[in-house]
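Participant: Below is the file protein-v6.csv, with CSV, C-alpha atoms.
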chain,number,residue,atom,x,y,z
A,15,MET,CA,15.4,11.1,-29.6
A,16,ARG,CA,18.4,9.2,-28.2
A,17,LYS,CA,19.2,10.1,-24.6
A,18,ILE,CA,22.1,12.5,-24.3
A,19,GLU,CA,24.7,12.1,-21.7
A,20,PHE,CA,25.5,15.7,-20.9
A,21,VAL,CA,29.2,16.4,-20.3
A,22,SER,CA,30.2,19.3,-18.0
A,23,GLY,CA,32.1,22.0,-19.8
A,24,GLU,CA,30.4,21.3,-23.1
A,25,TYR,CA,27.8,23.4,-24.9
A,26,TYR,CA,24.3,22.3,-25.9
A,27,HIS,CA,21.5,23.8,-27.9
A,28,VAL,CA,18.4,23.1,-25.8
A,29,TYR,CA,14.9,23.8,-27.1
A,30,ASN,CA,11.3,23.0,-26.4
A,31,ARG,CA,7.8,24.0,-27.5
A,32,GLY,CA,4.3,24.0,-26.2
A,33,VAL,CA,2.2,20.9,-26.4
A,34,ASP,CA,0.3,20.8,-29.7
A,35,LYS,CA,2.4,23.8,-30.7
A,36,ARG,CA,0.3,26.0,-28.4
A,37,CYS,CA,1.5,29.4,-27.3
A,38,MET,CA,3.3,29.4,-23.9
A,39,PHE,CA,3.7,33.2,-23.7
A,40,ASP,CA,0.6,35.3,-24.1
A,41,THR,CA,1.8,38.6,-22.6
A,42,SER,CA,5.0,40.5,-21.9
A,43,LYS,CA,4.5,39.5,-18.2
A,44,ASP,CA,4.7,35.8,-19.2
A,45,TYR,CA,8.0,36.4,-21.1
A,46,SER,CA,9.4,38.4,-18.2
A,47,ARG,CA,8.3,35.7,-15.7
A,48,PHE,CA,10.1,33.0,-17.7
A,49,LEU,CA,13.3,34.9,-17.9
A,50,GLU,CA,13.2,35.7,-14.2
A,51,SER,CA,12.6,32.0,-13.4
A,52,ALA,CA,15.6,31.1,-15.7
A,53,TYR,CA,17.8,33.3,-13.6
A,54,LEU,CA,16.5,32.3,-10.2
A,55,PHE,CA,16.4,28.5,-10.9
A,56,ASN,CA,19.9,28.5,-12.3
A,57,ASP,CA,21.3,28.3,-8.8
A,58,GLU,CA,21.9,25.2,-6.8
A,59,LYS,CA,21.3,27.2,-3.6
A,60,TYR,CA,18.0,28.8,-4.6
A,61,GLN,CA,15.1,28.1,-2.4
A,62,HIS,CA,11.6,28.9,-3.8
A,63,SER,CA,9.7,31.4,-1.6
A,64,SER,CA,6.0,32.4,-1.9
A,65,ASP,CA,7.0,35.9,-0.7
A,66,PRO,CA,7.3,38.1,-3.8
A,67,LEU,CA,9.6,40.4,-1.9
A,68,ASP,CA,12.2,37.6,-1.6
A,69,LYS,CA,12.2,37.3,-5.4
A,70,MET,CA,12.5,41.0,-5.9
A,71,VAL,CA,15.5,41.3,-3.6
A,72,LEU,CA,17.3,38.5,-5.5
A,73,LEU,CA,16.6,40.0,-8.9
A,74,THR,CA,17.4,43.6,-8.0
A,75,GLY,CA,20.5,42.6,-6.1
A,76,SER,CA,21.7,40.2,-8.7
A,77,HIS,CA,24.6,42.2,-9.9
A,78,VAL,CA,25.8,42.6,-6.3
A,79,PHE,CA,25.2,39.1,-5.1
A,80,GLY,CA,25.8,37.2,-8.3
A,81,GLY,CA,29.1,35.9,-7.1
A,82,GLU,CA,27.4,33.9,-4.3
A,83,ARG,CA,25.4,31.8,-6.7
A,84,GLU,CA,26.2,28.2,-7.7
A,85,PRO,CA,24.8,28.0,-11.3
A,86,HIS,CA,23.9,24.7,-13.0
A,87,VAL,CA,24.6,26.1,-16.5
A,88,GLU,CA,26.1,29.0,-18.3
A,89,ILE,CA,23.5,30.6,-20.5
A,90,ALA,CA,25.3,31.9,-23.6
A,91,ALA,CA,22.3,32.7,-25.9
A,92,TYR,CA,18.6,32.4,-25.9
A,93,CYS,CA,15.4,33.3,-27.8
A,94,LEU,CA,11.8,33.0,-26.6
A,95,MET,CA,9.1,32.7,-29.2
A,96,PRO,CA,5.3,32.5,-28.6
A,97,ASN,CA,5.2,28.7,-28.7
A,98,HIS,CA,8.8,27.6,-28.1
A,99,TYR,CA,12.2,28.6,-26.7
A,100,HIS,CA,15.9,28.1,-27.6
A,101,PHE,CA,18.9,28.2,-25.3
A,102,LEU,CA,22.6,27.8,-25.8
A,103,VAL,CA,24.0,26.5,-22.5
A,104,ARG,CA,27.2,25.1,-21.1
A,105,GLN,CA,26.8,22.6,-18.3
A,106,LEU,CA,28.8,23.7,-15.3
A,107,ARG,CA,28.2,20.7,-12.9
A,108,GLU,CA,27.2,17.1,-13.3
A,109,GLY,CA,23.5,16.9,-14.0
A,110,GLY,CA,23.2,20.6,-14.4
A,111,ILE,CA,21.3,20.8,-17.7
A,112,PRO,CA,18.6,18.2,-16.7
A,113,ARG,CA,18.2,19.8,-13.3
A,114,PHE,CA,18.0,23.4,-14.6
A,115,PHE,CA,15.4,22.7,-17.3
A,116,HIS,CA,13.4,20.4,-15.1
A,117,LYS,CA,13.0,23.2,-12.6
A,118,LEU,CA,12.4,25.9,-15.2
A,119,ASN,CA,9.8,24.0,-17.2
A,120,LYS,CA,8.0,22.8,-14.0
A,121,GLY,CA,8.0,26.2,-12.4
A,122,TYR,CA,6.8,28.1,-15.4
A,123,SER,CA,4.1,25.4,-16.1
A,124,ARG,CA,2.8,25.8,-12.6
A,125,TYR,CA,2.6,29.6,-13.0
A,126,TYR,CA,1.0,29.5,-16.5
A,127,ASN,CA,-1.6,26.9,-15.5
A,128,LEU,CA,-2.6,28.7,-12.4
A,129,LYS,CA,-2.9,32.0,-14.2
A,130,ASN,CA,-5.0,30.5,-17.0
A,131,LYS,CA,-7.0,28.1,-14.9
A,132,ARG,CA,-5.8,25.1,-16.9
A,133,SER,CA,-4.2,21.8,-16.1
A,134,GLY,CA,-2.1,19.2,-17.8
A,135,SER,CA,1.2,19.5,-19.7
A,136,LEU,CA,2.3,22.8,-21.1
A,137,PHE,CA,5.4,21.6,-22.9
A,138,GLU,CA,5.6,19.0,-25.7
A,139,SER,CA,8.4,17.2,-23.9
A,140,LYS,CA,10.9,17.8,-21.1
A,141,TYR,CA,13.2,19.3,-23.8
A,142,LYS,CA,15.4,18.4,-26.8
A,143,ALA,CA,19.1,19.0,-27.0
A,144,LYS,CA,21.9,18.9,-29.5
A,145,HIS,CA,25.6,18.7,-28.6
A,146,ILE,CA,27.6,21.5,-30.1
A,147,ASN,CA,30.7,19.5,-31.1
A,148,SER,CA,32.9,21.8,-33.1
A,149,GLN,CA,34.1,25.5,-32.9
A,150,SER,CA,32.4,26.2,-36.3
A,151,TYR,CA,29.1,24.9,-35.0
A,152,LEU,CA,29.5,26.9,-31.8
A,153,SER,CA,30.2,30.2,-33.7
A,154,HIS,CA,27.1,29.8,-35.8
A,155,ILE,CA,24.5,28.5,-33.3
A,156,ALA,CA,24.1,31.7,-31.3
A,157,PRO,CA,23.3,33.8,-34.4
A,158,TYR,CA,20.9,31.0,-35.5
A,159,ILE,CA,19.1,31.1,-32.1
A,160,HIS,CA,18.7,34.9,-32.2
A,161,LEU,CA,17.6,35.0,-35.8
A,162,ASN,CA,14.5,33.0,-34.8
A,163,SER,CA,12.8,36.2,-33.8
A,164,LEU,CA,12.5,37.1,-37.5
A,165,ASP,CA,9.9,34.3,-37.9
A,166,LEU,CA,7.4,36.8,-36.4
A,167,THR,CA,8.1,39.4,-39.0
A,168,GLY,CA,7.5,37.4,-42.2
A,169,GLU,CA,11.2,37.6,-43.2
A,170,LEU,CA,12.2,34.5,-45.2
A,171,TRP,CA,15.7,34.3,-43.6
A,172,ARG,CA,15.5,30.5,-43.4
A,173,GLU,CA,15.2,30.4,-47.2
A,174,GLY,CA,18.0,32.9,-47.7
A,175,VAL,CA,15.6,35.6,-49.0
A,176,VAL,CA,16.9,38.8,-47.5
A,177,GLU,CA,16.0,42.0,-49.3
A,178,ASN,CA,16.8,44.6,-46.7
A,179,TRP,CA,19.5,43.8,-44.2
A,180,ASP,CA,19.1,47.1,-42.3
A,181,LEU,CA,15.4,46.3,-41.7
A,182,ILE,CA,16.4,42.9,-40.4
A,183,GLU,CA,18.9,44.4,-38.0
A,184,LEU,CA,16.3,46.9,-36.8
A,185,SER,CA,13.7,44.1,-36.3
A,186,MET,CA,16.1,42.1,-34.2
A,187,ARG,CA,17.1,45.1,-32.1
A,188,MET,CA,13.4,45.8,-31.4
A,189,TYR,CA,12.7,42.2,-30.2
A,190,GLU,CA,12.9,42.1,-26.4
A,191,TRP,CA,13.0,38.4,-25.7
A,192,SER,CA,16.4,37.2,-27.0
A,193,GLY,CA,20.0,37.7,-26.1
A,194,HIS,CA,20.7,39.6,-29.3
A,195,ASN,CA,20.7,43.1,-27.7
A,196,THR,CA,22.9,42.0,-24.8
A,197,TYR,CA,25.5,40.8,-27.4
A,198,LEU,CA,25.4,44.3,-28.9
A,199,THR,CA,25.3,46.4,-25.7
A,200,GLY,CA,26.5,44.2,-22.9
A,201,GLU,CA,23.5,45.3,-20.9
A,202,GLN,CA,20.8,43.2,-19.2
A,203,GLU,CA,18.4,43.7,-16.4
A,204,PHE,CA,19.9,40.9,-14.4
A,205,PRO,CA,22.9,38.7,-15.3
A,206,LEU,CA,20.9,35.9,-17.0
A,207,MET,CA,23.6,35.4,-19.7
A,208,THR,CA,27.3,35.0,-19.2
A,209,LEU,CA,29.1,37.2,-21.7
A,210,ASP,CA,32.3,35.1,-21.5
A,211,PHE,CA,31.0,33.1,-24.4
A,212,PHE,CA,30.5,36.2,-26.6
A,213,LYS,CA,34.0,37.5,-25.7
A,214,ASN,CA,35.7,34.2,-26.4
A,215,THR,CA,33.8,33.4,-29.7
A,216,TYR,CA,33.6,36.7,-31.6
A,217,LYS,CA,36.2,39.5,-32.0
A,218,ASP,CA,33.6,42.2,-31.4
A,219,GLN,CA,30.0,43.2,-32.2
A,220,ASP,CA,30.7,43.6,-35.9
A,221,ASP,CA,32.1,40.1,-36.1
A,222,TYR,CA,29.0,38.7,-34.5
A,223,LEU,CA,26.8,40.7,-36.9
A,224,ASP,CA,28.8,39.2,-39.8
A,225,TYR,CA,27.8,35.7,-38.6
A,226,LEU,CA,24.2,36.8,-38.4
A,227,LYS,CA,24.3,38.1,-42.0
A,228,HIS,CA,26.0,34.9,-43.3
A,229,TRP,CA,23.2,32.9,-41.7
A,230,ALA,CA,20.4,35.0,-43.2
A,231,LEU,CA,22.1,34.9,-46.6
A,232,ARG,CA,22.5,31.1,-46.5
A,233,GLU,CA,26.3,31.3,-46.3
A,234,LYS,CA,26.2,28.9,-43.3
A,235,PRO,CA,27.8,25.5,-43.1
A,236,ALA,CA,25.8,22.4,-44.1
A,237,LEU,CA,26.0,21.1,-40.6
A,238,LEU,CA,23.5,23.8,-39.5
A,239,GLY,CA,21.0,23.1,-42.2
A,240,TYR,CA,18.4,21.8,-39.9
A,241,VAL,CA,15.2,23.5,-38.7
A,242,THR,CA,14.2,22.7,-35.2
A,243,GLU,CA,10.9,24.5,-35.0
Could you write out this file's structure as structure tokens?

Facilitator:
Amino acid sequence: MRKIEFVSGEYYHVYNRGVDKRCMFDTSKDYSRFLESAYLFNDEKYQHSSDPLDKMVLLTGSHVFGGEREPHVEIAAYCLMPNHYHFLVRQLREGGIPRFFHKLNKGYSRYYNLKNKRSGSLFESKYKAKHINSQSYLSHIAPYIHLNSLDLTGELWREGVVENWDLIELSMRMYEWSGHNTYLTGEQEFPLMTLDFFKNTYKDQDDYLDYLKHWALREKPALLGYVTE
């Protein structure tokens, strides 16, 4: 893939998967650890500590001390799947995207390899990225990212085969490892996502759900007709 020159203020769809398509998340603890790392590493001032109490203080006090952070990126949407991840991010400082994903991939790989007594690369590559270069693209990419969780249910949403939309909505609400529920409720354990994107892109939750439904019914623009994973 051609090297991307990331521009601060622009949005990018960043994704990666396990080497040989292997699973990267085996337990709920793995998913939680990855999201905690995504929050902690998204701070220029963060210094890794081996003391678990330090991490706990940063996470539990995140809503209070969030203003003191210097984030590399704005995380606007995400979905973690057993063998890959998707993020929609906006670069906030020069070199922010490469620095953030380097720290995130490296830190999680270290944790996963130590836990599973393995060595070597965990990820297929450092990451892949697509520049979101239009408002239409931007409006549709977050629903696409969150819809990825349906791949675990057998729903043929990528083919536009949707028989029960209520069931699809329920399945997505039940999936813990994406930003979908935060879009609907505004709630999150720690402020991993910045909700400014949601507020500036969709009129309200119903408007966002309409975009989801259009995606699943193949009423999406041709520019989003690619499948990344």

Participant: Using all atoms listed in the file, which protein or nucleic acid residues come within 8 Å of Trp171 in chain A? Drop anything in the same chain fewer than 2 positions from it, and give the result as a list of chain:residue names.

Facilitator: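 Everything that qualifies: A:Leu164, A:Glu169, A:Glu173, A:Gly174, A:Val175, A:Val176, A:Trp229, A:Ala230, A:Leu231.
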
Participant: Just the number, please: distance in Å from CA of Asn97 in chain A to CA of Arg36 in chain A, one decimal.

Facilitator: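 Straight-line distance from CA of Asn97 in chain A to CA of Arg36 in chain A works out to 5.6 Å.
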
Participant: I'd like the contact shell of range 215-227 of chain A - 9 Å cut-off, all atoms listed in the file, skipping same-chain residues fewer than 3 positions apart - returned as a VMD selection string.

Facilitator: chain A and resid 149 152 to 154 156 to 158 160 to 161 179 183 197 to 199 210 to 212 230 to 234

Participant: Using C-alpha atoms, can you write the selected residues to a file as a PDB file, keeping the file's coordinate frame?

Facilitator:
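Final output, saved to out.pdb:
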ATOM      1  CA  GLN A 149      34.100  25.500 -32.900  1.00  0.00           C
ATOM      2  CA  LEU A 152      29.500  26.900 -31.800  1.00  0.00           C
ATOM      3  CA  SER A 153      30.200  30.200 -33.700  1.00  0.00           C
ATOM      4  CA  HIS A 154      27.100  29.800 -35.800  1.00  0.00           C
ATOM      5  CA  ALA A 156      24.100  31.700 -31.300  1.00  0.00           C
ATOM      6  CA  PRO A 157      23.300  33.800 -34.400  1.00  0.00           C
ATOM      7  CA  TYR A 158      20.900  31.000 -35.500  1.00  0.00           C
ATOM      8  CA  HIS A 160      18.700  34.900 -32.200  1.00  0.00           C
ATOM      9  CA  LEU A 161      17.600  35.000 -35.800  1.00  0.00           C
ATOM     10  CA  TRP A 179      19.500  43.800 -44.200  1.00  0.00           C
ATOM     11  CA  GLU A 183      18.900  44.400 -38.000  1.00  0.00           C
ATOM     12  CA  TYR A 197      25.500  40.800 -27.400  1.00  0.00           C
ATOM     13  CA  LEU A 198      25.400  44.300 -28.900  1.00  0.00           C
ATOM     14  CA  THR A 199      25.300  46.400 -25.700  1.00  0.00           C
ATOM     15  CA  ASP A 210      32.300  35.100 -21.500  1.00  0.00           C
ATOM     16  CA  PHE A 211      31.000  33.100 -24.400  1.00  0.00           C
ATOM     17  CA  PHE A 212      30.500  36.200 -26.600  1.00  0.00           C
ATOM     18  CA  ALA A 230      20.400  35.000 -43.200  1.00  0.00           C
ATOM     19  CA  LEU A 231      22.100  34.900 -46.600  1.00  0.00           C
ATOM     20  CA  ARG A 232      22.500  31.100 -46.500  1.00  0.00           C
ATOM     21  CA  GLU A 233      26.300  31.300 -46.300  1.00  0.00           C
ATOM     22  CA  LYS A 234      26.200  28.900 -43.300  1.00  0.00           C
TER      23      LYS A 234
END

Participant: Which one is closest to Ile159 in chain A: A:Met95, A:Asp57, A:Lys140, A:His86? Count only C-alpha atoms.

Facilitator: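 Distance minimum relative to Ile159 in chain A lands on A:Met95.
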
Participant: Between CA of Val103 in chain A and CA of Leu209 in chain A, what is the spacing in Å?

Facilitator: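 CA of Leu209 in chain A sits 11.9 Å away from CA of Val103 in chain A.
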
Participant: Between CA of Lys129 in chain A and CA of Thr196 in chain A, what distance in Å does the model show, to one decimal?

Facilitator: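 So the answer is 29.6 Å.
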
Participant: Which residue, A:Glu108, A:Phe115, A:Arg83, A:Cys93, has the smallest gap to Met186 in chain A when you use only C-alpha atoms?

Facilitator: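 Going through A:Glu108, A:Phe115, A:Arg83, A:Cys93 one by one, the smallest distance to Met186 in chain A is for A:Cys93.
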
Participant: Could you tell me which of A:Glu58, A:Tyr125, A:Ile146, A:Leu166 comes closest to Lys43 in chain A if we count all atoms listed in the file?

Facilitator: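 For Lys43 in chain A, the nearest of the candidates is A:Tyr125.
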
Participant: In the coordinates of the file, take the point (31.3, 19.8, -17.3) and a cut-off of 9 Å; then, counting all atoms listed in the file, name each qualifying protein, DNA or RNA residue as a list in words.

Facilitator: Phe20, Val21, Ser22, Gly23, Glu24, Arg104, Gln105, Leu106, Arg107, Glu108, Gly109 and Gly110 of chain A

Participant: So which one's closest to Cys37 in chain A, A:Arg113, A:Glu88, A:Glu138, A:Leu170? Using all atoms listed in the file, please.

Facilitator: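 For Cys37 in chain A, the nearest of the candidates is A:Glu138.
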
Participant: Could you add N, CA and C atoms to range 184-195 of chain A and give me the result as a PDB file, in the frame of the given file?

Facilitator:
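rebuild-v5.pdb, written as the output of this step:
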ATOM      1  N   LEU A 184      17.177  46.081 -37.587  1.00  0.00           N
ATOM      2  CA  LEU A 184      16.300  46.900 -36.800  1.00  0.00           C
ATOM      3  C   LEU A 184      15.225  45.985 -36.091  1.00  0.00           C
ATOM      4  N   SER A 185      14.676  45.030 -36.837  1.00  0.00           N
ATOM      5  CA  SER A 185      13.700  44.100 -36.300  1.00  0.00           C
ATOM      6  C   SER A 185      14.251  43.333 -35.101  1.00  0.00           C
ATOM      7  N   MET A 186      15.488  42.879 -35.244  1.00  0.00           N
ATOM      8  CA  MET A 186      16.100  42.100 -34.200  1.00  0.00           C
ATOM      9  C   MET A 186      16.405  42.963 -32.953  1.00  0.00           C
ATOM     10  N   ARG A 187      16.798  44.204 -33.173  1.00  0.00           N
ATOM     11  CA  ARG A 187      17.100  45.100 -32.100  1.00  0.00           C
ATOM     12  C   ARG A 187      15.780  45.427 -31.291  1.00  0.00           C
ATOM     13  N   MET A 188      14.658  45.416 -31.982  1.00  0.00           N
ATOM     14  CA  MET A 188      13.400  45.800 -31.400  1.00  0.00           C
ATOM     15  C   MET A 188      12.773  44.592 -30.597  1.00  0.00           C
ATOM     16  N   TYR A 189      13.284  43.378 -30.829  1.00  0.00           N
ATOM     17  CA  TYR A 189      12.700  42.200 -30.200  1.00  0.00           C
ATOM     18  C   TYR A 189      13.312  42.080 -28.769  1.00  0.00           C
ATOM     19  N   GLU A 190      12.456  42.052 -27.766  1.00  0.00           N
ATOM     20  CA  GLU A 190      12.900  42.100 -26.400  1.00  0.00           C
ATOM     21  C   GLU A 190      13.350  40.748 -25.819  1.00  0.00           C
ATOM     22  N   TRP A 191      12.900  39.645 -26.427  1.00  0.00           N
ATOM     23  CA  TRP A 191      13.000  38.400 -25.700  1.00  0.00           C
ATOM     24  C   TRP A 191      14.047  37.446 -26.271  1.00  0.00           C
ATOM     25  N   SER A 192      15.201  38.022 -26.573  1.00  0.00           N
ATOM     26  CA  SER A 192      16.400  37.200 -27.000  1.00  0.00           C
ATOM     27  C   SER A 192      17.611  37.870 -26.413  1.00  0.00           C
ATOM     28  N   GLY A 193      18.733  37.171 -26.546  1.00  0.00           N
ATOM     29  CA  GLY A 193      20.000  37.700 -26.100  1.00  0.00           C
ATOM     30  C   GLY A 193      20.708  38.591 -27.067  1.00  0.00           C
ATOM     31  N   HIS A 194      20.083  38.870 -28.207  1.00  0.00           N
ATOM     32  CA  HIS A 194      20.700  39.600 -29.300  1.00  0.00           C
ATOM     33  C   HIS A 194      21.221  40.990 -28.799  1.00  0.00           C
ATOM     34  N   ASN A 195      20.349  41.762 -28.158  1.00  0.00           N
ATOM     35  CA  ASN A 195      20.700  43.100 -27.700  1.00  0.00           C
ATOM     36  C   ASN A 195      21.805  43.087 -26.659  1.00  0.00           C
TER      37      ASN A 195
END
